[in-house]
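Contents: one structure, followed by commentary.
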Amino acid sequence: MNPTGERQIRLCSGNQMIAYGAIAAGCRFFAGYPITPASGIYKTMLDELQSRGDVAISAPDEISALAYCVGASMRGFKSMTATSGPGWALMTETVQYALMTETPLVIVLVQRLGPSTGGATQGAQGDILLAEFSTSGGYTVPILCPSTAAECYELTMRAFAWSEQLRTPVIVLSDKEVGMTSESVDFAALKAVPCPDRTPKQSHESRNMYEFTDRGDVPGFVPVGGALKVTATGSAHNKRGELRKNDAETIEVLHHLEQKIISRKDELAVATFDGEDGADTLVISYGITARAAREAVSNSRKKGRSVSALLIQSLFPVPEAEIRKALSGVSRIVIAEENFGGQYRSRIERVMKDKVIIGVNKVGSMITPKEIEAAIA
């Protein structure tokens with residue numbers, strides 16, 4: 001709250017709040033290509049950054065948009081782009097380049113109905129696996145998933161913090177309903193997430209652009225155009241950035257790209273647990289469906305059913321410790337998500353040994369609280 005204790009209510013969409021969160025985190029460069037349902041981010045970033053004297057540009061396509069962001073980040077500026085499914089498909093090569101060169105940036109992926117161009121104005125939660133498996137080799141790209149406009153703001157700030165601290169691309173995985181729905185937001189109650197700048201390289205004596213001792217270390221950052229020569233290749237490379245194939249140091253670099261993320265999986269976990277003593281059922285959800293899950297749990301409790309809820313905001317790395325804690329004492333798990341077959345369920349059910357798992361899935365419209373209640377009963 002502000003010092004006077006007064007609320008500061010504004011009507012904002014999730015897309016607008018993502019843009020405001022990015023700016024609050026220190027984003028000074030945005031490049032994008034308009035695409036429904038992410039265009040609200042594009043417009044707000046162009047309006048807000050340009051009015052501040054920073055840079056926001058309209059790219060000729062999604063490939064160029066992300067490449068521009070990589071270039072700006074390599075120069076030392078916090079950078080972001082936003083897209084939806086078809087644009088994301090075009091960006092994946094550059095996402096892998098950013099991962100390989102350890103370039104911090106934030107990519108907002110606002111989901112819509114697929115596949116291909118699908119339904120531009122129809123929501124969905126079908127890009128979970130497309131986002132997770134966007135890199136050859138299966139490297140973990142951190143993915144945050146908001147369910148409200150306020151979470152859009154806070155998780156975007158967190159995405160920048162992770163990106164800068166870990167020198168990695170980070171995805172904010174929203175969806176059409178969260179992104180385009182306007183709701184009341186109390187700006188005085190928003191949580192500020194500290195977002196320090198990336199750590200600079202401490203010693204200029206070493207020519208190693210990707211210097212680390214332990215695999216989980218994060219190398220200090222050297223900007224392009226500075227006093228030191230920077231070698232940045234998307235090919236396999238050693239600690240100097242020199243192109244190599246399978247020598248021992250290069251293989252160590254490849255292990256390091258995964259280990260610096262996965263070794264921090266517990267501290268990167270973001271989830272909200274609403275537990276009830278004696279609950280035999282746990283409901284798990286995320287994104288827009290988490291709102292229906294929250295209501296379904298409340299309604300079920302009013303009807304005398306013991307049920308808990310785990311609403312996940314950090315999809316990847318999978319918050320295994322948070323899930324295991326929530327599983328304590330329950331025998332049934334209901335997992336609700338708006339896609340075929342349960343995409344996220346397929347990634348977390350390995351944690352749920354000896355439990356009855358019930359999927360609530362739907363395509364073409366949102367899952368209702370009643371549909372989740374039916375699975376709880």
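Here, A, B, ... name the chains of the structure tokens in the order displayed, residue numbers run from 1 inside each chain, and ligands are numbered from 1 in the same displayed order.
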
Exercise. Can you list every residue in range 7-186 of chain A that DSSP puts in helix (DSSP H, G or I), as a VMD selection string?
Worked result: chain A and resid 14 to 24 39 to 51 62 to 75 85 to 100 128 to 132 149 to 166 176 to 180

Residues of range 148-254 of chain A that approach range 23-41 of chain A to 6 Å or less, counting only C-alpha atoms: could you list each one with the shortest pair of atoms and its distance in Å to one decimal, rows by chain and increasing residue number, as CSV?
```
residue,atom,partner,partner_atom,distance
A:Met157,CA,A:Ala25,CA,5.2
A:Lys176,CA,A:Pro37,CA,5.5
A:Cys195,CA,A:Ala25,CA,5.8
```

For this session: Would you list the contacts of Gly118 in chain A as a list of chain:residue names, taking every protein, DNA or RNA residue within 10 Å and counting only C-alpha atoms, but skipping same-chain residues closer than 6 positions in sequence?
Result: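 With the cut-off at 10 Å, the set is A:Gly85, A:Pro86, A:Arg112.
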
Could those selected residues go to a file with N, CA, C and O atoms, as a PDB file, in the first residue's frame?
```
ATOM      1  N   GLY A  85       0.995 -17.966 -30.872  1.00  0.00           N
ATOM      2  CA  GLY A  85       1.457 -19.242 -31.389  1.00  0.00           C
ATOM      3  C   GLY A  85       2.172 -19.219 -32.727  1.00  0.00           C
ATOM      4  O   GLY A  85       3.307 -19.716 -32.841  1.00  0.00           O
ATOM      5  N   PRO A  86       1.563 -18.670 -33.802  1.00  0.00           N
ATOM      6  CA  PRO A  86       2.244 -18.676 -35.097  1.00  0.00           C
ATOM      7  C   PRO A  86       3.558 -17.908 -35.082  1.00  0.00           C
ATOM      8  O   PRO A  86       4.546 -18.318 -35.700  1.00  0.00           O
ATOM      9  N   ARG A 112      -3.360 -18.770 -27.979  1.00  0.00           N
ATOM     10  CA  ARG A 112      -4.662 -18.782 -28.625  1.00  0.00           C
ATOM     11  C   ARG A 112      -4.892 -20.182 -29.192  1.00  0.00           C
ATOM     12  O   ARG A 112      -3.987 -21.027 -29.173  1.00  0.00           O
TER      13      ARG A 112
END
```

For this session: State, in Å with one decimal place, the distance from CA of Ser263 in chain A to CA of Ser147 in chain A.
Result: 26.5 Å

Problem set entry | All strand (DSSP E or B) positions in range 164-371 of chain A, as JSON, numbers by chain | {"A": [169, 170, 171, 172, 173, 174, 175, 182, 183, 184, 185, 186, 200, 221, 237, 243, 271, 272, 273, 274, 281, 282, 283, 284, 285, 307, 308, 309, 310, 311, 312, 314, 315, 316, 332, 333, 334, 335, 336, 337, 356, 357, 358, 359, 360, 361]}

Show me, as a PDB file with C-alpha atoms, in the first residue's frame, the residues that have an atom within 12 Å of Glu349 in chain A when counting only C-alpha atoms, minus same-chain residues fewer than 2 positions from it.
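Written file, result_6.pdb:
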```pdb
ATOM      1  CA  ILE A 284      -4.037 -28.266  -9.606  1.00  0.00           C
ATOM      2  CA  VAL A 318       8.574 -27.941 -12.671  1.00  0.00           C
ATOM      3  CA  GLU A 320       8.399 -30.472  -7.764  1.00  0.00           C
ATOM      4  CA  ILE A 323       3.779 -30.190  -5.676  1.00  0.00           C
ATOM      5  CA  ARG A 324       5.054 -32.856  -3.288  1.00  0.00           C
ATOM      6  CA  LEU A 327       0.196 -33.898  -2.163  1.00  0.00           C
ATOM      7  CA  ARG A 332      -6.939 -37.877  -5.573  1.00  0.00           C
ATOM      8  CA  ILE A 333      -5.588 -35.123  -7.822  1.00  0.00           C
ATOM      9  CA  VAL A 334      -7.713 -33.166 -10.274  1.00  0.00           C
ATOM     10  CA  ILE A 335      -5.685 -31.315 -12.922  1.00  0.00           C
ATOM     11  CA  GLY A 342      -3.510 -32.646 -20.342  1.00  0.00           C
ATOM     12  CA  GLN A 343      -0.221 -31.177 -21.527  1.00  0.00           C
ATOM     13  CA  TYR A 344       1.017 -30.014 -18.136  1.00  0.00           C
ATOM     14  CA  ARG A 345      -0.410 -33.125 -16.488  1.00  0.00           C
ATOM     15  CA  SER A 346       1.910 -35.190 -18.668  1.00  0.00           C
ATOM     16  CA  ARG A 347       4.884 -33.271 -17.246  1.00  0.00           C
ATOM     17  CA  VAL A 351       5.651 -36.728  -9.092  1.00  0.00           C
ATOM     18  CA  MET A 352       2.266 -38.234  -8.152  1.00  0.00           C
ATOM     19  CA  LYS A 353       3.018 -41.902  -7.591  1.00  0.00           C
ATOM     20  CA  ASP A 354       0.196 -44.029  -6.143  1.00  0.00           C
ATOM     21  CA  LYS A 355      -2.372 -41.230  -6.556  1.00  0.00           C
ATOM     22  CA  VAL A 356      -5.602 -41.236  -8.543  1.00  0.00           C
ATOM     23  CA  ILE A 357      -5.182 -38.575 -11.242  1.00  0.00           C
ATOM     24  CA  ILE A 358      -8.233 -37.053 -12.935  1.00  0.00           C
ATOM     25  CA  GLY A 359      -7.811 -34.720 -15.892  1.00  0.00           C
TER      26      GLY A 359
END
```

Exercise. Which is closer to Thr140 in chain A than all the others in A:Gln259, A:Thr213, A:Ser13, A:Thr117, using only C-alpha atoms?
Worked result: A:Gln259

Excluding Asn208 in chain A and any residue of its chain fewer than 3 positions from it, enumerate the residues within 9 Å of it, using only C-alpha atoms, and give them as an mmCIF file with N, CA, C and O atoms, in the first residue's frame.
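Heads up, here's the output in result.cif:
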```cif
data_model
loop_
_atom_site.group_PDB
_atom_site.id
_atom_site.type_symbol
_atom_site.label_atom_id
_atom_site.label_comp_id
_atom_site.auth_asym_id
_atom_site.auth_seq_id
_atom_site.Cartn_x
_atom_site.Cartn_y
_atom_site.Cartn_z
ATOM 1 N N GLU A 205 41.051 -9.797 -17.399
ATOM 2 C CA GLU A 205 42.277 -10.505 -17.753
ATOM 3 C C GLU A 205 41.979 -11.775 -18.554
ATOM 4 O O GLU A 205 42.714 -12.136 -19.463
ATOM 5 N N GLU A 211 32.767 -17.636 -18.713
ATOM 6 C CA GLU A 211 33.632 -18.204 -17.685
ATOM 7 C C GLU A 211 32.825 -18.691 -16.495
ATOM 8 O O GLU A 211 31.985 -17.959 -15.955
ATOM 9 N N PHE A 212 33.035 -19.923 -16.084
ATOM 10 C CA PHE A 212 32.418 -20.470 -14.886
ATOM 11 C C PHE A 212 33.326 -21.558 -14.335
ATOM 12 O O PHE A 212 34.146 -22.135 -15.064
ATOM 13 N N ASN A 238 33.356 -23.217 -26.793
ATOM 14 C CA ASN A 238 34.033 -23.321 -25.511
ATOM 15 C C ASN A 238 33.791 -22.060 -24.681
ATOM 16 O O ASN A 238 32.976 -21.211 -25.049
ATOM 17 N N LYS A 239 34.512 -21.924 -23.571
ATOM 18 C CA LYS A 239 34.276 -20.789 -22.682
ATOM 19 C C LYS A 239 34.689 -19.461 -23.293
ATOM 20 O O LYS A 239 34.227 -18.403 -22.856
ATOM 21 N N ARG A 240 35.529 -19.484 -24.292
ATOM 22 C CA ARG A 240 35.892 -18.252 -24.986
ATOM 23 C C ARG A 240 34.846 -17.852 -26.028
ATOM 24 O O ARG A 240 34.924 -16.760 -26.586
ATOM 25 N N GLY A 241 33.925 -18.737 -26.300
ATOM 26 C CA GLY A 241 32.960 -18.491 -27.359
ATOM 27 C C GLY A 241 33.434 -18.987 -28.709
ATOM 28 O O GLY A 241 32.776 -18.762 -29.723
#
```

Problem set entry | Nearest to Glu151 in chain A by atom-to-atom distance, counting only C-alpha atoms, from A:Tyr210, A:Phe316, A:Tyr20, A:Tyr42 |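 Selected residue with least distance to Glu151 in chain A: A:Tyr20.
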
Do a neighbour search on range 134-137 of chain A at 10 Å with only C-alpha atoms, toss out local chain neighbours closer than 5 positions, and write the hits as a tab-separated table (two decimals) with all heavy atoms, in the first residue's frame.
```tsv
chain	number	residue	atom	x	y	z
A	88	TRP	N	5.42	-17.41	-32.39
A	88	TRP	CA	6.35	-18.18	-31.57
A	88	TRP	C	7.05	-19.26	-32.39
A	88	TRP	O	8.24	-19.50	-32.23
A	88	TRP	CB	5.61	-18.80	-30.39
A	88	TRP	CG	6.42	-19.74	-29.57
A	88	TRP	CD1	6.28	-21.09	-29.50
A	88	TRP	CD2	7.52	-19.41	-28.71
A	88	TRP	NE1	7.21	-21.64	-28.64
A	88	TRP	CE2	7.98	-20.61	-28.14
A	88	TRP	CE3	8.15	-18.22	-28.36
A	88	TRP	CZ2	9.05	-20.67	-27.25
A	88	TRP	CZ3	9.21	-18.26	-27.47
A	88	TRP	CH2	9.64	-19.47	-26.92
A	89	ALA	N	6.28	-19.90	-33.29
A	89	ALA	CA	6.88	-20.93	-34.14
A	89	ALA	C	8.03	-20.36	-34.96
A	89	ALA	O	9.04	-21.03	-35.19
A	89	ALA	CB	5.81	-21.53	-35.05
A	91	MET	N	9.94	-17.86	-34.03
A	91	MET	CA	10.99	-17.35	-33.15
A	91	MET	C	11.92	-18.41	-32.57
A	91	MET	O	12.96	-18.08	-32.01
A	91	MET	CB	10.35	-16.60	-31.97
A	91	MET	CG	9.71	-15.28	-32.31
A	91	MET	SD	9.02	-14.51	-30.82
A	91	MET	CE	8.48	-12.93	-31.48
A	92	THR	N	11.56	-19.68	-32.70
A	92	THR	CA	12.27	-20.69	-31.90
A	92	THR	C	13.76	-20.80	-32.22
A	92	THR	O	14.56	-21.11	-31.33
A	92	THR	CB	11.60	-22.07	-32.03
A	92	THR	OG1	11.49	-22.42	-33.41
A	92	THR	CG2	10.23	-22.06	-31.39
A	93	GLU	N	14.17	-20.56	-33.47
A	93	GLU	CA	15.60	-20.61	-33.77
A	93	GLU	C	16.36	-19.54	-32.99
A	93	GLU	O	17.43	-19.79	-32.44
A	93	GLU	CB	15.85	-20.45	-35.27
A	93	GLU	CG	17.34	-20.51	-35.62
A	93	GLU	CD	17.61	-20.34	-37.11
A	93	GLU	OE1	16.66	-20.09	-37.87
A	93	GLU	OE2	18.78	-20.45	-37.51
A	94	THR	N	15.77	-18.34	-32.93
A	94	THR	CA	16.44	-17.25	-32.22
A	94	THR	C	16.38	-17.44	-30.71
A	94	THR	O	17.30	-17.02	-29.99
A	94	THR	CB	15.82	-15.90	-32.63
A	94	THR	OG1	15.76	-15.81	-34.05
A	94	THR	CG2	16.64	-14.73	-32.10
A	95	VAL	N	15.33	-18.08	-30.22
A	95	VAL	CA	15.28	-18.43	-28.79
A	95	VAL	C	16.48	-19.30	-28.45
A	95	VAL	O	17.17	-19.09	-27.43
A	95	VAL	CB	13.98	-19.17	-28.45
A	95	VAL	CG1	14.03	-19.70	-27.01
A	95	VAL	CG2	12.77	-18.26	-28.63
A	96	GLN	N	16.78	-20.27	-29.30
A	96	GLN	CA	17.90	-21.16	-29.05
A	96	GLN	C	19.23	-20.42	-29.15
A	96	GLN	O	20.18	-20.72	-28.41
A	96	GLN	CB	17.86	-22.33	-30.04
A	96	GLN	CG	16.63	-23.20	-29.85
A	96	GLN	CD	16.64	-24.42	-30.74
A	96	GLN	OE1	17.33	-25.39	-30.44
A	96	GLN	NE2	15.89	-24.37	-31.82
A	97	TYR	N	19.32	-19.45	-30.05
A	97	TYR	CA	20.53	-18.64	-30.14
A	97	TYR	C	20.74	-17.86	-28.83
A	97	TYR	O	21.86	-17.78	-28.31
A	97	TYR	CB	20.44	-17.68	-31.32
A	97	TYR	CG	21.64	-16.78	-31.46
A	97	TYR	CD1	22.80	-17.23	-32.07
A	97	TYR	CD2	21.61	-15.47	-30.98
A	97	TYR	CE1	23.92	-16.41	-32.19
A	97	TYR	CE2	22.72	-14.65	-31.09
A	97	TYR	CZ	23.87	-15.12	-31.70
A	97	TYR	OH	24.97	-14.31	-31.81
A	99	LEU	N	19.64	-18.69	-25.89
A	99	LEU	CA	20.02	-19.64	-24.85
A	99	LEU	C	21.50	-20.00	-24.96
A	99	LEU	O	22.23	-20.00	-23.97
A	99	LEU	CB	19.15	-20.89	-24.95
A	99	LEU	CG	19.32	-21.93	-23.85
A	99	LEU	CD1	17.99	-22.60	-23.52
A	99	LEU	CD2	20.35	-23.00	-24.23
A	100	MET	N	21.96	-20.29	-26.18
A	100	MET	CA	23.34	-20.71	-26.40
A	100	MET	C	24.33	-19.59	-26.09
A	100	MET	O	25.42	-19.82	-25.56
A	100	MET	CB	23.51	-21.19	-27.84
A	100	MET	CG	24.92	-21.65	-28.17
A	100	MET	SD	25.40	-23.15	-27.28
A	100	MET	CE	24.92	-24.40	-28.48
A	129	LEU	N	3.61	-27.48	-24.10
A	129	LEU	CA	4.72	-28.31	-24.56
A	129	LEU	C	5.48	-27.63	-25.69
A	129	LEU	O	6.70	-27.80	-25.82
A	129	LEU	CB	4.20	-29.67	-25.01
A	129	LEU	CG	3.49	-30.50	-23.94
A	129	LEU	CD1	3.11	-31.88	-24.48
A	129	LEU	CD2	4.34	-30.65	-22.68
A	254	LEU	N	27.82	-26.99	-22.46
A	254	LEU	CA	26.46	-27.45	-22.75
A	254	LEU	C	25.77	-27.94	-21.49
A	254	LEU	O	24.58	-27.65	-21.26
A	254	LEU	CB	26.50	-28.56	-23.81
A	254	LEU	CG	27.00	-28.14	-25.20
A	254	LEU	CD1	27.06	-29.34	-26.13
A	254	LEU	CD2	26.11	-27.05	-25.79
A	258	GLU	N	22.14	-26.02	-18.88
A	258	GLU	CA	20.99	-26.63	-18.18
A	258	GLU	C	21.16	-26.53	-16.67
A	258	GLU	O	20.20	-26.21	-15.96
A	258	GLU	CB	20.86	-28.09	-18.60
A	258	GLU	CG	19.78	-28.87	-17.85
A	258	GLU	CD	18.35	-28.43	-18.19
A	258	GLU	OE1	18.18	-27.55	-19.06
A	258	GLU	OE2	17.42	-28.97	-17.58
```

For this session: Give the answer as one residue: which of A:Pro319, A:Pro146, A:Gly225, A:Pro369 has the shortest atom-to-atom distance to Ile18 in chain A, using only C-alpha atoms?
Result: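 Going through A:Pro319, A:Pro146, A:Gly225, A:Pro369 one by one, the smallest distance to Ile18 in chain A is for A:Pro146.
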
For this session: List the neighbours of Ala150 in chain A out to 7 Å using only C-alpha atoms; skip same-chain residues closer than 4 positions along the sequence, and give me the result as an MDAnalysis selection string.
Result: chainID A and resid 17 154 185 190

Kindly assemble as CSV a list of the range 192-271 of chain A residues that lie within 10 Å of range 71-84 of chain A, each paired with its nearest atom pair and their distance in Å to one decimal, using only C-alpha atoms, sorted first by chain and then by ascending residue number.
```
residue,atom,partner,partner_atom,distance
A:Asp197,CA,A:Lys78,CA,8.3
A:Arg198,CA,A:Gly76,CA,8.5
A:Pro200,CA,A:Gly76,CA,9.8
A:Phe221,CA,A:Gly76,CA,8.5
A:Val222,CA,A:Met74,CA,8.1
A:Pro223,CA,A:Arg75,CA,4.9
A:Val224,CA,A:Arg75,CA,5.0
A:Gly225,CA,A:Arg75,CA,6.8
A:Gly226,CA,A:Arg75,CA,8.3
A:Val230,CA,A:Met74,CA,9.4
A:Ala232,CA,A:Met74,CA,9.2
```

Selection above as a file: all heavy atoms, as a JSON list (two decimals), in the first residue's frame:
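The result, stored in result_31.json:
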```
[["chain", "number", "residue", "atom", "x", "y", "z"],
["A", 197, "ASP", "N", 20.28, -5.40, -12.34],
["A", 197, "ASP", "CA", 20.90, -5.60, -13.65],
["A", 197, "ASP", "C", 21.79, -6.84, -13.61],
["A", 197, "ASP", "O", 22.25, -7.29, -12.56],
["A", 197, "ASP", "CB", 21.74, -4.37, -14.02],
["A", 197, "ASP", "CG", 20.89, -3.14, -14.22],
["A", 197, "ASP", "OD1", 19.70, -3.28, -14.57],
["A", 197, "ASP", "OD2", 21.40, -2.02, -14.01],
["A", 198, "ARG", "N", 22.05, -7.39, -14.78],
["A", 198, "ARG", "CA", 22.94, -8.55, -14.89],
["A", 198, "ARG", "C", 24.32, -8.23, -14.30],
["A", 198, "ARG", "O", 24.76, -7.07, -14.33],
["A", 198, "ARG", "CB", 23.05, -8.96, -16.35],
["A", 198, "ARG", "CG", 23.67, -7.89, -17.25],
["A", 198, "ARG", "CD", 23.34, -8.08, -18.71],
["A", 198, "ARG", "NE", 21.93, -7.85, -19.01],
["A", 198, "ARG", "CZ", 21.43, -7.74, -20.24],
["A", 198, "ARG", "NH1", 22.22, -7.86, -21.29],
["A", 198, "ARG", "NH2", 20.15, -7.53, -20.42],
["A", 200, "PRO", "N", 28.13, -7.83, -14.18],
["A", 200, "PRO", "CA", 29.19, -7.68, -15.19],
["A", 200, "PRO", "C", 30.37, -8.61, -14.91],
["A", 200, "PRO", "O", 30.58, -9.05, -13.78],
["A", 200, "PRO", "CB", 29.61, -6.22, -15.04],
["A", 200, "PRO", "CG", 29.28, -5.88, -13.62],
["A", 200, "PRO", "CD", 28.06, -6.68, -13.27],
["A", 221, "PHE", "N", 28.66, -10.76, -17.40],
["A", 221, "PHE", "CA", 28.24, -10.27, -18.71],
["A", 221, "PHE", "C", 29.21, -9.24, -19.27],
["A", 221, "PHE", "O", 29.68, -8.35, -18.55],
["A", 221, "PHE", "CB", 26.85, -9.65, -18.61],
["A", 221, "PHE", "CG", 26.35, -9.03, -19.89],
["A", 221, "PHE", "CD1", 25.85, -9.82, -20.91],
["A", 221, "PHE", "CD2", 26.40, -7.65, -20.08],
["A", 221, "PHE", "CE1", 25.39, -9.26, -22.09],
["A", 221, "PHE", "CE2", 25.94, -7.08, -21.25],
["A", 221, "PHE", "CZ", 25.44, -7.88, -22.26],
["A", 222, "VAL", "N", 29.51, -9.36, -20.55],
["A", 222, "VAL", "CA", 30.33, -8.37, -21.27],
["A", 222, "VAL", "C", 29.50, -7.85, -22.44],
["A", 222, "VAL", "O", 29.07, -8.63, -23.29],
["A", 222, "VAL", "CB", 31.64, -9.00, -21.80],
["A", 222, "VAL", "CG1", 32.45, -7.94, -22.56],
["A", 222, "VAL", "CG2", 32.45, -9.58, -20.66],
["A", 223, "PRO", "N", 29.25, -6.54, -22.52],
["A", 223, "PRO", "CA", 28.40, -6.02, -23.59],
["A", 223, "PRO", "C", 29.13, -5.94, -24.92],
["A", 223, "PRO", "O", 30.34, -5.67, -24.98],
["A", 223, "PRO", "CB", 28.03, -4.63, -23.10],
["A", 223, "PRO", "CG", 29.18, -4.22, -22.23],
["A", 223, "PRO", "CD", 29.65, -5.49, -21.57],
["A", 224, "VAL", "N", 28.39, -6.17, -25.98],
["A", 224, "VAL", "CA", 28.92, -5.93, -27.33],
["A", 224, "VAL", "C", 29.16, -4.43, -27.49],
["A", 224, "VAL", "O", 28.38, -3.60, -27.05],
["A", 224, "VAL", "CB", 27.91, -6.43, -28.40],
["A", 224, "VAL", "CG1", 28.32, -5.96, -29.79],
["A", 224, "VAL", "CG2", 27.81, -7.95, -28.35],
["A", 225, "GLY", "N", 30.28, -4.08, -28.11],
["A", 225, "GLY", "CA", 30.59, -2.66, -28.32],
["A", 225, "GLY", "C", 31.38, -2.04, -27.19],
["A", 225, "GLY", "O", 31.65, -0.83, -27.23],
["A", 226, "GLY", "N", 31.74, -2.83, -26.20],
["A", 226, "GLY", "CA", 32.52, -2.31, -25.09],
["A", 226, "GLY", "C", 34.01, -2.46, -25.33],
["A", 226, "GLY", "O", 34.47, -2.62, -26.46],
["A", 230, "VAL", "N", 33.70, -9.44, -27.95],
["A", 230, "VAL", "CA", 32.70, -10.43, -27.59],
["A", 230, "VAL", "C", 32.52, -11.39, -28.75],
["A", 230, "VAL", "O", 32.30, -10.97, -29.89],
["A", 230, "VAL", "CB", 31.35, -9.77, -27.23],
["A", 230, "VAL", "CG1", 30.28, -10.84, -26.98],
["A", 230, "VAL", "CG2", 31.51, -8.87, -26.01],
["A", 232, "ALA", "N", 30.06, -14.32, -29.95],
["A", 232, "ALA", "CA", 28.75, -14.89, -29.66],
["A", 232, "ALA", "C", 28.31, -15.74, -30.84],
["A", 232, "ALA", "O", 27.89, -15.20, -31.87],
["A", 232, "ALA", "CB", 27.74, -13.78, -29.37]]
```

Exercise. So how many Å separate CA of Arg7 in chain A and CA of Arg158 in chain A, to one decimal?
Worked result: 23.3 Å

Problem set entry | Length of the CA of Lys370 in chain A to CA of Val110 in chain A vector [Å] |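 Going from CA of Lys370 in chain A over to CA of Val110 in chain A covers 25.6 Å.
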
Seminar exercise, completed: Nearest to Asn15 in chain A, restricted to only C-alpha atoms and choosing among A:Ala336, A:Ile312, A:Val253, A:Cys152, comes out as A:Cys152

Exercise. Smallest atom-to-atom distance to Thr199 in chain A: which of A:Thr368, A:Ser308, A:Thr181, A:Ser163, using only C-alpha atoms?
Worked result: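 That would be A:Ser163, the residue with the smallest distance to Thr199 in chain A.
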